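Dropping start-v3.cif in here (mmCIF, C-alpha atoms):
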```cif
data_data
#
loop_
_atom_site.label_atom_id
_atom_site.label_comp_id
_atom_site.auth_asym_id
_atom_site.auth_seq_id
_atom_site.Cartn_x
_atom_site.Cartn_y
_atom_site.Cartn_z
CA MET C 1 -67.33 -79.87 -95.17
CA ALA C 2 -69.79 -79.05 -92.39
CA SER C 3 -73.43 -79.28 -93.40
CA THR C 4 -74.13 -76.50 -90.88
CA PRO C 5 -71.85 -73.45 -91.29
CA MET C 6 -69.84 -72.39 -88.25
CA ASP C 7 -70.20 -68.81 -87.02
CA LEU C 8 -67.06 -66.83 -86.25
CA ASP C 9 -67.04 -64.54 -83.24
CA ALA C 10 -63.80 -62.57 -82.87
CA PRO C 11 -62.98 -61.16 -79.41
CA GLU C 12 -63.68 -57.56 -80.34
CA LEU C 13 -67.08 -58.50 -81.76
CA SER C 14 -68.25 -60.74 -78.95
CA SER C 15 -68.67 -58.18 -76.21
CA PRO C 16 -72.25 -57.11 -75.51
CA ALA C 17 -70.91 -53.70 -74.57
CA ASN C 18 -70.76 -52.61 -78.20
CA GLY C 19 -74.34 -53.65 -78.86
CA THR C 20 -73.47 -56.22 -81.49
CA PRO C 21 -76.48 -58.46 -82.11
CA SER C 22 -76.06 -62.22 -81.96
CA THR C 23 -78.03 -65.05 -83.50
CA SER C 24 -79.32 -67.53 -80.94
CA LEU C 25 -78.08 -71.10 -81.22
CA ASN C 26 -80.52 -73.95 -81.74
CA ILE C 27 -80.21 -75.55 -78.30
CA THR C 28 -82.30 -78.62 -77.41
CA ARG C 29 -82.83 -79.93 -73.91
CA THR C 30 -81.16 -83.23 -73.04
CA LEU C 31 -83.27 -86.06 -71.59
CA ASN C 32 -86.30 -83.97 -70.66
CA ASN C 33 -89.60 -85.57 -71.62
CA ASN C 34 -91.50 -82.30 -71.37
CA VAL C 35 -89.76 -80.79 -74.37
CA PRO C 36 -90.84 -82.19 -77.75
CA ALA C 37 -87.48 -81.40 -79.34
CA THR C 38 -85.66 -83.58 -76.80
CA LEU C 39 -83.20 -86.08 -78.22
CA SER C 40 -81.25 -88.68 -76.23
CA CYS C 41 -77.45 -88.74 -76.23
CA THR C 42 -77.43 -91.81 -78.46
CA GLU C 43 -79.56 -90.03 -81.07
CA VAL C 44 -77.27 -87.01 -81.33
CA ILE C 45 -73.78 -88.22 -80.44
CA ALA C 46 -72.70 -88.81 -84.05
CA ASN C 47 -74.19 -85.56 -85.30
CA TYR C 48 -72.32 -82.91 -83.32
CA ARG C 49 -70.84 -80.19 -85.49
CA PRO C 50 -68.69 -77.16 -84.65
CA THR C 51 -71.23 -74.33 -84.61
CA LYS C 52 -69.46 -71.25 -83.28
CA LEU C 53 -65.78 -70.30 -83.03
CA PHE C 54 -64.49 -67.73 -80.56
CA LYS C 55 -61.00 -66.56 -81.43
CA ARG C 56 -58.87 -65.39 -78.53
CA GLU C 57 -55.70 -63.34 -78.35
CA GLU C 58 -52.53 -64.82 -79.82
CA ASN C 59 -50.50 -66.94 -77.37
CA ASN C 60 -53.46 -67.12 -74.98
CA HIS C 61 -54.61 -70.57 -73.83
CA ILE C 62 -57.92 -71.62 -72.31
CA LEU C 63 -57.18 -73.50 -69.09
CA SER C 64 -60.59 -74.72 -67.94
CA LEU C 65 -64.28 -74.93 -68.87
CA ASP C 66 -67.30 -75.05 -66.56
CA TYR C 67 -71.10 -74.59 -66.74
CA ASP C 68 -73.55 -73.21 -64.24
CA ASP C 69 -76.24 -75.56 -62.93
CA PRO C 70 -78.97 -74.53 -65.43
CA GLY C 71 -76.50 -74.93 -68.32
CA GLU C 72 -77.15 -71.37 -69.48
CA LEU C 73 -73.61 -70.06 -68.88
CA LEU C 74 -70.17 -71.37 -69.83
CA MET C 75 -67.08 -70.07 -68.06
CA THR C 76 -63.42 -70.25 -69.06
CA SER C 77 -60.28 -69.41 -67.12
CA GLU C 78 -57.41 -68.37 -69.35
CA SER C 79 -53.66 -67.92 -69.36
CA ASP C 80 -54.02 -64.16 -69.88
CA GLU C 81 -55.29 -64.02 -66.27
CA SER C 82 -58.90 -63.50 -67.28
CA ILE C 83 -62.18 -65.31 -66.76
CA GLN C 84 -64.66 -65.22 -69.63
CA ILE C 85 -68.38 -65.99 -69.30
CA TYR C 86 -70.51 -66.94 -72.33
CA LYS C 87 -74.26 -67.21 -72.78
CA VAL C 88 -74.90 -70.66 -74.21
CA ARG C 89 -78.31 -70.08 -75.80
CA GLU C 90 -77.29 -66.86 -77.52
CA GLY C 91 -73.85 -68.14 -78.45
CA LYS C 92 -72.07 -64.98 -77.35
CA ARG C 93 -69.65 -63.74 -74.75
CA ASP C 94 -71.39 -62.10 -71.81
CA LYS C 95 -68.62 -60.65 -69.68
CA GLN C 96 -64.91 -60.63 -68.93
CA LEU C 97 -63.44 -60.69 -65.42
CA LEU C 98 -59.78 -59.77 -64.97
CA SER C 99 -57.58 -61.22 -62.21
CA LYS C 100 -54.24 -59.65 -63.09
CA LYS C 101 -53.10 -59.43 -59.47
CA TYR C 102 -53.69 -63.08 -58.58
CA GLY C 103 -54.00 -64.91 -61.90
CA ALA C 104 -56.80 -67.39 -62.52
CA LYS C 105 -57.24 -71.09 -63.20
CA LEU C 106 -59.71 -73.91 -62.46
CA ALA C 107 -62.69 -71.51 -62.35
CA GLN C 108 -65.92 -73.18 -61.21
CA PHE C 109 -69.47 -71.99 -60.68
CA THR C 110 -71.00 -72.46 -57.26
CA HIS C 111 -74.70 -73.36 -57.21
CA HIS C 112 -75.47 -69.68 -57.73
CA SER C 113 -74.84 -68.63 -61.32
CA SER C 114 -73.46 -65.26 -60.24
CA SER C 115 -70.87 -66.72 -57.83
CA ILE C 116 -67.66 -68.53 -58.73
CA ILE C 117 -64.51 -69.90 -57.16
CA TYR C 118 -61.10 -70.10 -58.77
CA ALA C 119 -57.48 -70.85 -57.89
CA SER C 120 -54.67 -68.31 -57.91
CA THR C 121 -51.56 -68.59 -60.07
CA LYS C 122 -49.46 -65.92 -58.32
CA GLN C 123 -49.15 -63.87 -55.12
CA ASN C 124 -50.26 -66.83 -53.00
CA ASP C 125 -52.14 -70.13 -53.25
CA ALA C 126 -55.51 -68.95 -51.96
CA ILE C 127 -58.81 -69.90 -53.57
CA ARG C 128 -60.97 -66.88 -54.36
CA TYR C 129 -64.75 -66.60 -54.08
CA LEU C 130 -66.13 -63.97 -56.41
CA THR C 131 -69.52 -62.54 -57.34
CA THR C 132 -69.60 -61.95 -61.08
CA HIS C 133 -72.30 -59.29 -61.32
CA ASP C 134 -70.03 -56.66 -59.71
CA ASN C 135 -66.64 -58.45 -59.75
CA THR C 136 -66.35 -58.34 -55.95
CA PHE C 137 -64.52 -60.85 -53.77
CA LEU C 138 -66.75 -62.44 -51.15
CA ARG C 139 -64.10 -64.52 -49.43
CA TYR C 140 -60.58 -65.96 -49.68
CA PHE C 141 -60.02 -69.59 -48.76
CA GLU C 142 -56.49 -69.71 -47.39
CA GLY C 143 -54.52 -72.70 -46.17
CA HIS C 144 -52.72 -74.27 -49.10
CA THR C 145 -48.98 -73.61 -49.21
CA ALA C 146 -48.41 -74.74 -52.79
CA SER C 147 -50.22 -74.55 -56.11
CA VAL C 148 -53.80 -75.81 -56.24
CA THR C 149 -54.20 -78.61 -58.79
CA CYS C 150 -57.95 -79.31 -58.69
CA LEU C 151 -61.24 -77.84 -57.48
CA ALA C 152 -64.36 -80.02 -57.23
CA MET C 153 -67.75 -78.54 -56.36
CA HIS C 154 -70.26 -80.72 -54.50
CA PRO C 155 -73.19 -81.66 -56.81
CA GLY C 156 -75.88 -80.54 -54.36
CA HIS C 157 -74.61 -77.68 -52.21
CA ASP C 158 -71.74 -75.27 -51.84
CA ASP C 159 -69.18 -77.58 -50.33
CA PHE C 160 -66.07 -78.10 -52.41
CA ILE C 161 -62.74 -79.91 -52.38
CA SER C 162 -59.36 -78.47 -53.24
CA CYS C 163 -56.23 -80.48 -54.07
CA SER C 164 -52.72 -79.08 -53.89
CA LYS C 165 -49.06 -79.79 -54.47
CA ASP C 166 -48.60 -79.28 -50.71
CA ASN C 167 -49.85 -82.89 -50.38
CA THR C 168 -53.15 -81.94 -48.78
CA ILE C 169 -56.82 -82.26 -49.67
CA ARG C 170 -58.95 -79.56 -48.08
CA LEU C 171 -62.71 -79.58 -47.70
CA TRP C 172 -64.52 -76.26 -47.61
CA ASN C 173 -67.95 -74.72 -47.39
CA ALA C 174 -68.45 -71.48 -49.29
CA GLY C 175 -70.14 -69.93 -46.27
CA THR C 176 -67.01 -69.86 -44.11
CA LYS C 177 -63.37 -69.02 -44.74
CA ASN C 178 -62.01 -71.92 -42.67
CA GLU C 179 -61.68 -75.42 -44.08
CA THR C 180 -64.02 -78.06 -42.70
CA GLY C 181 -61.41 -80.78 -42.99
CA VAL C 182 -57.89 -81.64 -44.16
CA LEU C 183 -56.45 -84.90 -45.48
CA TYR C 184 -52.70 -85.44 -45.75
CA LEU C 185 -51.86 -87.71 -48.68
CA ASN C 186 -49.10 -88.35 -51.18
CA THR C 187 -49.63 -86.29 -54.38
CA PRO C 188 -53.44 -86.00 -54.03
CA TYR C 189 -53.66 -83.93 -57.18
CA LEU C 190 -57.20 -84.77 -58.36
CA ALA C 191 -60.64 -85.19 -56.79
CA ALA C 192 -64.24 -85.78 -57.89
CA TRP C 193 -67.66 -86.25 -56.30
CA ASP C 194 -69.96 -89.11 -57.13
CA PRO C 195 -73.44 -88.04 -58.40
CA SER C 196 -75.01 -88.43 -54.94
CA GLY C 197 -72.45 -86.20 -53.23
CA GLN C 198 -72.01 -88.83 -50.52
CA VAL C 199 -68.69 -90.16 -51.85
CA PHE C 200 -65.63 -88.43 -53.24
CA ALA C 201 -62.63 -89.88 -55.03
CA VAL C 202 -59.04 -88.74 -54.70
CA GLY C 203 -56.51 -89.51 -57.43
CA SER C 204 -52.86 -89.89 -56.43
CA PRO C 205 -50.76 -90.30 -59.59
CA SER C 206 -47.40 -91.09 -57.99
CA ALA C 207 -49.04 -93.75 -55.81
CA GLY C 208 -51.02 -95.08 -58.77
CA THR C 209 -54.19 -95.19 -56.69
CA VAL C 210 -57.73 -93.80 -56.59
CA LEU C 211 -59.13 -93.57 -53.06
CA LEU C 212 -62.86 -93.44 -52.24
CA TYR C 213 -64.04 -91.62 -49.10
CA ASP C 214 -67.39 -91.36 -47.36
CA HIS C 215 -68.04 -87.62 -47.18
CA ARG C 216 -69.63 -87.93 -43.74
CA ASN C 217 -66.61 -89.83 -42.41
CA PHE C 218 -63.82 -88.36 -44.48
CA ASP C 219 -61.47 -88.27 -41.49
CA LYS C 220 -61.49 -92.07 -41.42
CA ALA C 221 -59.59 -94.32 -43.83
CA PRO C 222 -60.94 -94.61 -47.38
CA PHE C 223 -63.50 -97.37 -47.76
CA ALA C 224 -62.01 -98.40 -51.13
CA GLU C 225 -58.59 -98.14 -52.71
CA PHE C 226 -58.18 -98.86 -56.41
CA ASP C 227 -54.72 -99.84 -57.62
CA ILE C 228 -54.40 -98.39 -61.13
CA VAL C 229 -51.07 -100.10 -61.73
CA GLU C 230 -52.49 -103.53 -61.00
CA ALA C 231 -55.71 -102.89 -62.90
CA CYS C 232 -54.29 -101.14 -65.95
CA ALA C 233 -50.67 -102.19 -66.46
CA SER C 234 -51.69 -104.79 -69.03
CA VAL C 235 -52.86 -102.06 -71.43
CA ASN C 236 -50.72 -99.03 -70.51
CA THR C 237 -47.76 -98.72 -68.18
CA SER C 238 -46.53 -95.21 -69.02
CA ASN C 239 -49.50 -93.43 -67.41
CA ALA C 240 -50.44 -95.79 -64.60
CA MET C 241 -48.48 -93.62 -62.15
CA SER C 242 -48.07 -90.30 -63.95
CA GLY C 243 -49.65 -87.89 -66.38
CA TRP C 244 -53.15 -87.86 -64.86
CA THR C 245 -55.27 -84.86 -65.83
CA LYS C 246 -58.75 -85.54 -64.41
CA VAL C 247 -60.90 -87.91 -62.34
CA GLU C 248 -64.65 -88.03 -63.03
CA PHE C 249 -67.66 -90.15 -62.06
CA ALA C 250 -70.29 -91.01 -64.65
CA ASN C 251 -73.76 -89.69 -63.85
CA ASP C 252 -75.05 -93.24 -63.45
CA GLY C 253 -72.40 -93.81 -60.77
CA ARG C 254 -71.12 -97.00 -62.37
CA SER C 255 -67.85 -95.81 -63.86
CA ILE C 256 -64.87 -93.65 -62.99
CA LEU C 257 -62.81 -91.97 -65.69
CA VAL C 258 -59.11 -91.34 -65.06
CA SER C 259 -57.92 -89.20 -67.93
CA THR C 260 -54.26 -88.87 -68.85
CA LYS C 261 -52.06 -86.73 -71.08
CA GLY C 262 -50.75 -89.89 -72.72
CA ASP C 263 -52.14 -92.27 -75.32
CA GLY C 264 -55.52 -92.81 -73.68
CA HIS C 265 -57.76 -92.81 -70.60
CA PHE C 266 -58.62 -95.43 -67.99
CA LEU C 267 -62.30 -96.37 -67.59
CA LEU C 268 -62.81 -98.09 -64.23
CA ASP C 269 -65.68 -99.92 -62.56
CA SER C 270 -66.60 -97.61 -59.66
CA PHE C 271 -67.58 -100.52 -57.41
CA ASN C 272 -64.47 -102.70 -57.59
CA GLY C 273 -61.86 -100.62 -59.44
CA SER C 274 -61.41 -103.10 -62.27
CA LEU C 275 -60.50 -101.82 -65.73
CA LYS C 276 -63.49 -101.70 -68.04
CA ALA C 277 -61.52 -100.32 -70.95
CA PHE C 278 -58.53 -98.25 -71.99
CA LEU C 279 -59.85 -95.48 -74.24
CA GLN C 280 -57.23 -95.25 -76.97
CA LYS C 281 -56.52 -91.78 -78.43
CA PRO C 282 -56.02 -91.88 -82.19
CA GLU C 283 -53.67 -88.89 -82.19
CA GLY C 284 -51.65 -89.67 -79.06
CA GLY C 285 -51.07 -87.48 -76.01
CA THR C 286 -52.26 -83.99 -75.22
CA SER C 287 -50.18 -80.81 -75.22
CA ARG C 288 -51.09 -79.82 -71.66
CA LEU C 289 -49.33 -80.41 -68.37
CA ALA C 290 -50.74 -83.09 -66.11
CA ALA C 291 -52.10 -82.18 -62.68
CA GLY C 292 -49.19 -81.23 -60.42
CA GLU C 293 -46.71 -81.21 -63.28
CA GLU C 294 -44.45 -78.23 -63.95
CA TYR C 295 -42.76 -77.03 -67.08
CA THR C 296 -39.02 -76.49 -66.68
CA MET C 297 -37.31 -74.17 -69.14
CA ASN C 298 -33.94 -75.91 -69.09
CA GLY C 299 -34.90 -79.24 -70.54
CA GLY C 300 -36.92 -80.52 -67.60
CA GLY C 301 -40.29 -80.40 -69.29
CA PRO C 302 -41.62 -81.43 -72.68
CA SER C 303 -41.54 -78.58 -75.19
CA THR C 304 -45.13 -79.24 -76.22
CA ALA C 305 -46.56 -79.10 -72.67
CA ARG C 306 -46.15 -75.71 -71.05
CA VAL C 307 -49.73 -74.90 -70.09
CA GLU C 308 -52.03 -76.36 -67.45
CA GLY C 309 -55.45 -77.77 -68.28
CA SER C 310 -58.47 -79.31 -66.58
CA GLY C 311 -58.82 -82.53 -68.57
CA ASP C 312 -59.44 -83.26 -72.24
CA CYS C 313 -62.37 -85.68 -71.85
CA CYS C 314 -65.72 -86.04 -70.09
CA PHE C 315 -68.73 -88.34 -69.85
CA THR C 316 -71.93 -87.49 -71.69
CA GLN C 317 -74.98 -86.74 -69.56
CA ASP C 318 -76.20 -90.36 -69.62
CA GLY C 319 -72.80 -91.79 -68.65
CA ARG C 320 -72.60 -93.99 -71.75
CA TYR C 321 -70.22 -92.05 -73.98
CA VAL C 322 -66.93 -90.28 -73.40
CA ILE C 323 -66.09 -87.21 -75.47
CA GLY C 324 -62.36 -86.64 -75.75
CA GLY C 325 -60.07 -84.03 -77.20
CA THR C 326 -57.01 -84.79 -79.32
CA LYS C 327 -54.33 -82.83 -81.12
CA LYS C 328 -56.58 -82.90 -84.19
CA GLY C 329 -60.12 -82.48 -82.95
CA VAL C 330 -62.68 -84.42 -80.92
CA VAL C 331 -63.51 -88.15 -80.74
CA VAL C 332 -66.21 -90.22 -79.03
CA TRP C 333 -65.97 -93.58 -77.27
CA ASP C 334 -68.96 -95.79 -76.49
CA THR C 335 -68.34 -97.30 -73.05
CA LEU C 336 -70.81 -100.10 -73.85
CA GLY C 337 -68.71 -101.11 -76.84
CA THR C 338 -66.70 -104.31 -76.91
CA PRO C 339 -63.01 -103.58 -76.33
CA SER C 340 -60.29 -105.62 -77.98
CA GLU C 341 -58.07 -106.88 -75.16
CA LYS C 342 -59.45 -104.06 -72.99
CA VAL C 343 -58.56 -101.40 -75.57
CA LEU C 344 -61.49 -99.37 -76.89
CA GLU C 345 -61.18 -97.33 -80.06
CA PRO C 346 -63.35 -94.26 -80.80
CA ILE C 347 -66.63 -94.86 -82.60
CA HIS C 348 -66.78 -91.32 -84.01
CA VAL C 349 -64.18 -88.77 -85.11
CA MET C 350 -65.63 -85.29 -85.31
CA GLU C 351 -65.01 -83.30 -88.49
CA ASP C 352 -63.19 -80.29 -86.97
CA GLU C 353 -59.41 -80.67 -86.66
CA ARG C 354 -58.65 -77.86 -84.22
CA PRO C 355 -56.73 -79.01 -81.11
CA ALA C 356 -59.05 -79.79 -78.20
CA ALA C 357 -57.00 -79.60 -75.01
CA VAL C 358 -59.99 -79.06 -72.70
CA VAL C 359 -63.52 -80.42 -73.19
CA ALA C 360 -66.74 -80.04 -71.19
CA ILE C 361 -70.32 -81.11 -71.90
CA ASN C 362 -73.36 -79.10 -70.86
CA PRO C 363 -75.30 -80.67 -67.95
CA ARG C 364 -78.73 -79.70 -69.37
CA PHE C 365 -78.49 -79.34 -73.15
CA ASN C 366 -77.22 -81.25 -76.16
CA PHE C 367 -74.17 -79.02 -76.31
CA PHE C 368 -70.47 -79.25 -75.55
CA ALA C 369 -67.43 -77.01 -75.83
CA SER C 370 -63.81 -77.69 -76.69
CA ALA C 371 -60.87 -75.35 -76.49
CA ASP C 372 -57.15 -74.83 -76.77
CA GLN C 373 -56.24 -71.35 -77.97
CA GLU C 374 -59.72 -70.96 -79.46
CA LEU C 375 -63.12 -71.87 -78.03
CA VAL C 376 -65.54 -73.97 -80.10
CA PHE C 377 -69.25 -74.53 -79.41
CA TRP C 378 -70.65 -77.85 -80.67
CA LEU C 379 -74.31 -78.62 -81.43
CA PRO C 380 -76.08 -81.54 -83.13
CA ASP C 381 -76.64 -80.86 -86.81
CA PRO C 382 -80.42 -80.51 -87.26
CA HIS C 383 -80.04 -81.66 -90.89
CA ALA C 384 -78.06 -84.81 -90.13
#
```
What do you get writing this file as structure tokens?
Amino acid sequence: MASTPMDLDAPELSSPANGTPSTSLNITRTLNNNVPATLSCTEVIANYRPTKLFKREENNHILSLDYDDPGELLMTSESDESIQIYKVREGKRDKQLLSKKYGAKLAQFTHHSSSIIYASTKQNDAIRYLTTHDNTFLRYFEGHTASVTCLAMHPGHDDFISCSKDNTIRLWNAGTKNETGVLYLNTPYLAAWDPSGQVFAVGSPSAGTVLLYDHRNFDKAPFAEFDIVEACASVNTSNAMSGWTKVEFANDGRSILVSTKGDGHFLLDSFNGSLKAFLQKPEGGTSRLAAGEEYTMNGGGPSTARVEGSGDCCFTQDGRYVIGGTKKGVVVWDTLGTPSEKVLEPIHVMEDERPAAVVAINPRFNFFASADQELVFWLPDPHA
């Protein structure tokens, strides 16, 4: 049983339009010496508890999670072709944006909390730039000729990368509708920026490689190429060239996480591409499609994977821990732990057993969210 009760917020009760009051959550700043209540990741990582549950409509799935830069807002894109925005401190839904004409997935904040980008799921494969305060489109980013599989916003300014099943990577700036660059690669389904914004990584599942590019010289060959098959085949062969769901740099820049829909995730050294550890999932694979994967009705796709996602794991703010979703809740790996033959087991299993198909940690606060068909807010238990 949870020592801190979890609040329930049903969809019809969570809209501010009906004037329903909401109790503020007890948020503490992460790694900020000016706030007395500050606690480091290590101090709180074992004490996270599910604090608020947002129920969504039946058969609806949450596809992605993202925070604005100050960590005050959380945004979801959902299979009902909506985008939901939540106020983190208050623990309540703030607004709903509908995209019935184009669909919505992979929604990301720009560096302005009232502006977002997201990928289309129908009509065409354009990326849409929207202002949330009046639900107005500012710009369409057109060029992809197949479904977009990843969006990655630059950590410092409004440049971003898009990946697509048309075998291109496109670089954009939010200030202009034309791409600033194009890379032609084999299945470049995933991308991520390093913390400095000077380097970006491209994950190509079918090639089994992660490529590192200098942002200033992206039109030249990658300066590093990590062979996942060679580095990781000793611990896992089934997902060395398939089933990738996310690529992410740790905030300390020392590690790269390649998450998969299979039995675990690959933790790589970001300098030489060697395998630091295989993060073993206790409950096996996820129920979401991998990047670039399609569900086929007539036996071509797994019956348990019909919905896209944006990755079921992430680094904590200090880069030490990885929080991961499973079919039965959330687990934590300590990347400084000692793996057994390169396999690292979770150090903590969180108490909630709801499926966690997408997971994202707040960049500023001791707070993270997990979701599948329901959205859960997690906070450290102040009584733990």
Next on the checklist: For this structure, which residues satisfy the selection - the PyMOL selection byres ((chain C and resi 289) around 9) - when it is evaluated on the file as given? I want them as a list in words.
Outcome noted: Gly243, Thr245, Lys261, Thr286, Ser287, Arg288, Ala290, Ala291, Gly292, Glu293, Glu294, Tyr295, Pro302, Thr304, Ala305, Arg306, Val307, Glu308 and Gly309 of chain C
Next on the checklist: Report, in Å with one decimal, the straight-line distance from CA of Phe226 (chain C) to CA of Phe249 (chain C).
Outcome noted: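 Taking CA of Phe226 (chain C) as the start and CA of Phe249 (chain C) as the end point, the length is 14.1 Å.
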Next on the checklist: Expand the PyMOL selection byres ((chain C and resi 47-52) around 6) into the explicit residue set it covers here, and present it as a ChimeraX atom specification.
Outcome noted: /C:6-8,44-46,53,376-381
Next on the checklist: Once the PyMOL selection byres ((chain C and resi 160) around 9) is applied to the coordinates I shared, what remains selected? I want it as a PyMOL selection string.
Outcome noted: chain C and resi 110+151-154+157-159+161-162+170-174
Item to check | Between CA of Phe200 (chain C) and CA of His61 (chain C) - distance in Å to one decimal | outcome: 29.4 Å
Checklist entry - What separation in Å, quoted to one decimal, exists between CA of Ala192 (chain C) and CA of Tyr102 (chain C)? => result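 A separation of 25.0 Å between them.
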Next on the checklist: Between C:His265, C:Arg254, C:Lys165, C:His112, which residue has the minimum interatomic distance to Ile323 (chain C), considering all atoms listed in the file?
Outcome noted: C:His265
Checklist entry - So which one's closest to Leu190 (chain C), C:Met241, C:Leu336, C:Val258, C:Ala224? Using all atoms listed in the file, please. => result C:Val258
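A search radius of 10 Å centred on (-65.0, -65.8, -56.0), applied to only C-alpha atoms, returns the residues Ala107, Gln108, Phe109, Thr110, Ser114, Ser115, Ile116, Ile117, Tyr118, Ala119, Ile127, Arg128, Tyr129, Leu130, Thr131, Thr132, Asn135, Thr136, Phe137, Leu138, Arg139, Tyr140, Phe141 and Ala174 of chain C.
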Checklist entry - Looking at all atoms listed in the file, which of C:Ser82, C:Thr149, C:Asn186, C:Thr42 is the one that sits closest to Ile347 (chain C)? => result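 Smallest separation from Ile347 (chain C) among the options: C:Thr42.
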Item to check | Residue contacts of Gly208 (chain C) (8 Å, all atoms listed in the file) excluding same-chain residues fewer than 5 positions away, as a list in words | outcome: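 Selected residues are Gly203, Asp227, Ile228, Val229, Ala240, Met241 and Ser242 of chain C.
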Checklist entry - Do you know which residues are at most 10 Å from Asp263 (chain C) counting all atoms listed in the file, after dropping those on the same chain fewer than 3 positions away, and could you put them as an MDAnalysis selection string? => result chainID C and resid 236 238:239 259:260 278:286 326
Checklist entry - Counting only C-alpha atoms, which of C:Ser310, C:Gln96, C:Asn362, C:Ser77 gets nearest to Tyr189 (chain C)? => result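 Ranking C:Ser310, C:Gln96, C:Asn362, C:Ser77 by distance to Tyr189 (chain C), first place goes to C:Ser310.
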Checklist entry - Which is closest to His348 (chain C) among C:Lys100, C:Asp134, C:Leu375, C:Gly324, if we use only C-alpha atoms? => result C:Gly324
Item to check | Neighbour residues at most 12 Å from (-63.7, -96.7, -66.3) (all atoms listed in the file) as an MDAnalysis selection string | outcome: chainID C and resid 210 226 228 231:232 247:250 253:259 264:279 314:315 319:322 333:336 342:344
Checklist entry - Nearest to Leu185 (chain C): which of C:Val199, C:Ala233, C:Ala384, C:Leu211 is it, counting all atoms listed in the file? => result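 Checking each of C:Val199, C:Ala233, C:Ala384, C:Leu211 against Leu185 (chain C), counting all atoms listed in the file, the winner is C:Leu211.
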Complete the atoms of region 38-49 of chain C to N, CA, C and O atoms and put them out as a PDB file, keeping the file's coordinate frame.
```
ATOM      1  N   THR C  38     -86.667 -82.821 -77.534  1.00  0.00           N
ATOM      2  CA  THR C  38     -85.660 -83.580 -76.800  1.00  0.00           C
ATOM      3  C   THR C  38     -85.145 -84.761 -77.621  1.00  0.00           C
ATOM      4  O   THR C  38     -85.905 -85.493 -78.218  1.00  0.00           O
ATOM      5  N   LEU C  39     -83.833 -84.929 -77.600  1.00  0.00           N
ATOM      6  CA  LEU C  39     -83.200 -86.080 -78.220  1.00  0.00           C
ATOM      7  C   LEU C  39     -82.236 -86.685 -77.216  1.00  0.00           C
ATOM      8  O   LEU C  39     -81.546 -85.975 -76.486  1.00  0.00           O
ATOM      9  N   SER C  40     -82.164 -88.014 -77.148  1.00  0.00           N
ATOM     10  CA  SER C  40     -81.250 -88.680 -76.230  1.00  0.00           C
ATOM     11  C   SER C  40     -79.820 -88.546 -76.735  1.00  0.00           C
ATOM     12  O   SER C  40     -79.573 -88.215 -77.895  1.00  0.00           O
ATOM     13  N   CYS C  41     -78.870 -88.830 -75.850  1.00  0.00           N
ATOM     14  CA  CYS C  41     -77.450 -88.740 -76.230  1.00  0.00           C
ATOM     15  C   CYS C  41     -77.138 -89.658 -77.405  1.00  0.00           C
ATOM     16  O   CYS C  41     -76.388 -89.280 -78.308  1.00  0.00           O
ATOM     17  N   THR C  42     -77.704 -90.861 -77.390  1.00  0.00           N
ATOM     18  CA  THR C  42     -77.430 -91.810 -78.460  1.00  0.00           C
ATOM     19  C   THR C  42     -77.909 -91.287 -79.813  1.00  0.00           C
ATOM     20  O   THR C  42     -77.273 -91.520 -80.848  1.00  0.00           O
ATOM     21  N   GLU C  43     -79.014 -90.552 -79.817  1.00  0.00           N
ATOM     22  CA  GLU C  43     -79.560 -90.030 -81.070  1.00  0.00           C
ATOM     23  C   GLU C  43     -78.719 -88.910 -81.672  1.00  0.00           C
ATOM     24  O   GLU C  43     -78.738 -88.698 -82.882  1.00  0.00           O
ATOM     25  N   VAL C  44     -77.987 -88.193 -80.830  1.00  0.00           N
ATOM     26  CA  VAL C  44     -77.270 -87.010 -81.330  1.00  0.00           C
ATOM     27  C   VAL C  44     -75.761 -87.164 -81.346  1.00  0.00           C
ATOM     28  O   VAL C  44     -75.061 -86.361 -81.965  1.00  0.00           O
ATOM     29  N   ILE C  45     -75.221 -88.181 -80.696  1.00  0.00           N
ATOM     30  CA  ILE C  45     -73.780 -88.220 -80.440  1.00  0.00           C
ATOM     31  C   ILE C  45     -72.951 -88.197 -81.724  1.00  0.00           C
ATOM     32  O   ILE C  45     -71.850 -87.632 -81.751  1.00  0.00           O
ATOM     33  N   ALA C  46     -73.462 -88.783 -82.795  1.00  0.00           N
ATOM     34  CA  ALA C  46     -72.700 -88.810 -84.050  1.00  0.00           C
ATOM     35  C   ALA C  46     -72.896 -87.559 -84.885  1.00  0.00           C
ATOM     36  O   ALA C  46     -72.210 -87.388 -85.903  1.00  0.00           O
ATOM     37  N   ASN C  47     -73.795 -86.686 -84.453  1.00  0.00           N
ATOM     38  CA  ASN C  47     -74.190 -85.560 -85.300  1.00  0.00           C
ATOM     39  C   ASN C  47     -73.689 -84.206 -84.815  1.00  0.00           C
ATOM     40  O   ASN C  47     -74.099 -83.178 -85.353  1.00  0.00           O
ATOM     41  N   TYR C  48     -72.842 -84.196 -83.795  1.00  0.00           N
ATOM     42  CA  TYR C  48     -72.320 -82.910 -83.320  1.00  0.00           C
ATOM     43  C   TYR C  48     -71.461 -82.264 -84.393  1.00  0.00           C
ATOM     44  O   TYR C  48     -70.654 -82.930 -85.063  1.00  0.00           O
ATOM     45  N   ARG C  49     -71.636 -80.968 -84.541  1.00  0.00           N
ATOM     46  CA  ARG C  49     -70.840 -80.190 -85.490  1.00  0.00           C
ATOM     47  C   ARG C  49     -70.336 -78.922 -84.804  1.00  0.00           C
ATOM     48  O   ARG C  49     -71.026 -78.350 -83.955  1.00  0.00           O
TER      49      ARG C  49
END
```
